[in-house]
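Trainee: Below is the file run28.txt, which contains compact mmCIF, C-alpha atoms.
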# COMPACT_ATOMS: atom_id res chain seq x y z
CA MET O 1 0.00 0.00 0.00
CA LEU O 2 1.19 3.45 -0.78
CA ALA O 3 -0.37 6.67 0.42
CA GLU O 4 0.85 10.25 0.47
CA GLN O 5 -0.07 13.27 2.53
CA THR O 6 1.32 16.74 3.05
CA ILE O 7 1.21 18.13 6.58
CA ALA O 8 -0.18 21.63 6.18
CA PRO O 9 1.99 24.34 7.73
CA ASP O 10 -1.09 25.76 9.48
CA HIS O 11 -2.15 22.42 11.01
CA PRO O 12 -3.38 23.11 14.58
CA VAL O 13 -0.98 20.56 16.09
CA PHE O 14 1.94 22.93 15.52
CA ALA O 15 0.54 25.52 17.94
CA GLY O 16 1.57 23.35 20.87
CA HIS O 17 4.11 20.97 19.35
CA PHE O 18 6.39 23.08 19.41
CA PRO O 19 5.84 26.75 18.51
CA ALA O 20 9.53 27.69 18.21
CA HIS O 21 10.49 24.46 16.40
CA PRO O 22 7.37 22.79 14.95
CA VAL O 23 7.48 18.99 14.77
CA VAL O 24 4.84 16.52 13.58
CA PRO O 25 4.06 14.37 16.65
CA GLY O 26 4.34 10.60 16.38
CA ALA O 27 0.71 10.24 17.49
CA LEU O 28 -0.43 12.13 14.38
CA LEU O 29 1.66 9.84 12.16
CA LEU O 30 0.20 6.74 13.85
CA ASP O 31 -3.35 8.08 13.58
CA TRP O 32 -2.94 8.76 9.85
CA ALA O 33 -1.56 5.25 9.24
CA CYS O 34 -4.33 3.55 11.27
CA HIS O 35 -7.02 5.39 9.32
CA LEU O 36 -5.46 4.36 6.02
CA LEU O 37 -4.85 0.75 7.00
CA GLY O 38 -8.46 0.09 7.90
CA THR O 39 -11.52 1.91 9.11
CA GLY O 40 -12.92 0.36 12.28
CA GLN O 41 -9.60 -1.24 13.10
CA SER O 42 -7.17 -0.78 15.91
CA LEU O 43 -3.43 -1.23 15.79
CA ALA O 44 -1.82 -3.12 18.67
CA LEU O 45 1.75 -1.88 18.55
CA ARG O 46 4.66 -4.24 18.99
CA GLU O 47 7.32 -1.72 18.13
CA ALA O 48 7.36 1.91 17.07
CA ARG O 49 10.45 3.92 16.21
CA PHE O 50 10.63 7.55 15.19
CA PRO O 51 14.24 7.94 14.01
CA ARG O 52 13.84 11.44 12.53
CA SER O 53 11.45 14.30 12.93
CA CYS O 54 9.53 16.14 10.24
CA GLY O 55 7.89 19.52 10.26
CA PRO O 56 5.27 21.68 8.57
CA GLY O 57 4.89 21.17 4.84
CA SER O 58 6.50 17.72 4.91
CA ARG O 59 5.21 15.44 2.18
CA LEU O 60 4.89 12.01 3.75
CA VAL O 61 4.68 8.59 2.11
CA LEU O 62 3.18 5.54 3.86
CA ARG O 63 4.26 2.05 2.81
CA ALA O 64 2.69 -0.99 4.48
CA GLU O 65 3.48 -4.65 4.07
CA PRO O 66 2.37 -7.89 5.70
CA GLY O 67 4.36 -8.89 8.76
CA LYS O 68 6.83 -11.74 8.50
CA GLU O 69 5.38 -13.70 11.43
CA PRO O 70 1.91 -14.78 12.64
CA PRO O 71 -0.77 -13.66 13.15
CA SER O 72 -1.87 -13.03 9.57
CA SER O 73 -3.09 -9.57 10.57
CA ALA O 74 0.44 -8.47 11.52
CA ARG O 75 1.68 -5.48 9.54
CA ARG O 76 4.81 -3.40 9.26
CA PHE O 77 4.64 0.09 7.94
CA ALA O 78 7.10 2.86 7.37
CA ILE O 79 6.50 6.56 6.86
CA THR O 80 9.14 8.46 4.95
CA THR O 81 9.50 12.00 3.70
CA GLU O 82 8.97 12.19 -0.04
CA ASP O 83 11.78 14.60 -0.83
CA ALA O 84 14.68 12.88 0.93
CA GLY O 85 13.21 9.41 1.52
CA THR O 86 14.12 9.83 5.18
CA GLU O 87 12.29 7.40 7.46
CA VAL O 88 10.35 9.23 10.17
CA ALA O 89 8.38 6.23 11.54
CA ALA O 90 8.76 2.46 11.46
CA VAL O 91 5.98 0.49 13.13
CA THR O 92 5.15 -3.18 13.58
CA GLY O 93 1.77 -4.18 14.92
CA THR O 94 -1.40 -6.21 14.52
CA LEU O 95 -4.62 -4.90 13.06
CA GLY O 96 -7.87 -5.93 14.70
CA PRO O 97 -11.43 -4.80 15.41
CA LEU O 98 -11.78 -1.80 17.70
CA SER O 99 -13.81 -3.81 20.21
CA ALA O 100 -10.91 -6.26 20.69
CA ALA O 101 -8.54 -3.40 21.46
CA ALA O 102 -10.92 -1.99 24.04
CA GLY O 103 -11.13 -5.35 25.79
CA ALA O 104 -14.85 -5.76 25.05
Show this structure as structure tokens.
Mentor:
Amino acid sequence: MLAEQTIAPDHPVFAGHFPAHPVVPGALLLDWACHLLGTGQSLALREARFPRSCGPGSRLVLRAEPGKEPPSSARRFAITTEDAGTEVAAVTGTLGPLSAAAGA
């Protein structure tokens, strides 16, 4: 899967994260990926790394692939910046229904 998104320079997250040196928070990157990977799904994280930061106007690319180990719903995805191909997030987790994540 391949998806792209540009983080608008006027996105409200930058008002508090961080005004003098705006950075896209990891939670925003994870939220974007979860929405793209499946509506009504949760992502149980096994590992999440954020090796580099990105800021306003960054054009991001999401690549997802099946995990290399069970369960079959395991996924690995990486988010890179389009211009430099710099990895800003690498995540491994399992997709599942929201109710399972909530413990219901």
Trainee: Hey, can you check how far CA of Ser42 in chain O sits from CA of Ala15 in chain O?
Mentor: 27.5 Å
Trainee: List the spatial neighbours of Leu29 in chain O as a ChimeraX atom specification - criterion: any atom at most 9 Å away, all atoms listed in the file, same-chain residues fewer than 6 positions off excluded.
Mentor: /O:79,88-89
Trainee: Let me make sure I understand: among O:Thr92, O:Cys54, O:Leu43, O:Trp32, which one has the smallest atom-to-atom distance to His17 in chain O if we use all atoms listed in the file?
Mentor: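 Ranked by minimum distance to His17 in chain O, first place goes to O:Cys54.
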Trainee: With only C-alpha atoms as the atoms that count, which of O:Cys34, O:Val23, O:Ala8, O:Leu2 lies nearest to Ala64 in chain O?
Mentor: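 Selected residue with least distance to Ala64 in chain O: O:Leu2.
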Trainee: Please write as a ChimeraX atom specification the list of polymer residues whose atoms come within 8 Å of (4.3, -3.9, 8.3), counting only C-alpha atoms and keeping to the coordinates of the file.
Mentor: /O:64-67,74-78,91-93
Trainee: Using all atoms listed in the file, which protein or nucleic acid residues come within 10 Å of Ser53 in chain O? Drop anything in the same chain fewer than 4 positions from it, and give the result as a list in words.
Mentor: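 The neighbour list is Pro22, Val23, Val24, Pro25, Gly26, Thr81, Thr86, Glu87, Val88 and Ala89 of chain O.
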Trainee: In Å, rounded to a single decimal, give me how far CA of Gly55 in chain O is from CA of His35 in chain O.
Mentor: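 So the two atoms, CA of His35 in chain O and CA of Gly55 in chain O, lie 20.6 Å apart.
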Trainee: Which residue, O:Leu36, O:Pro56, O:Leu45, O:Leu28, has the smallest gap to Phe14 in chain O when you use all atoms listed in the file?
Mentor: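 Of the candidates, the smallest distance to Phe14 in chain O is held by O:Pro56.
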Trainee: Calculated over all atoms listed in the file, which of the candidates O:Ala20, O:Arg49, O:Ala44, O:Thr80 has the smallest distance to Val61 in chain O?
Mentor: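 Nearest to Val61 in chain O: O:Thr80.
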Trainee: How far is it from CA of Ala48 in chain O to CA of Leu62 in chain O, in Å with one decimal?
Mentor: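 Separating CA of Ala48 in chain O from CA of Leu62 in chain O is a distance of 14.3 Å.
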Trainee: O:Asp83, O:Lys68, O:Thr94, O:Ser58: which is nearest Asp10 in chain O, counting all atoms listed in the file?
Mentor: O:Ser58
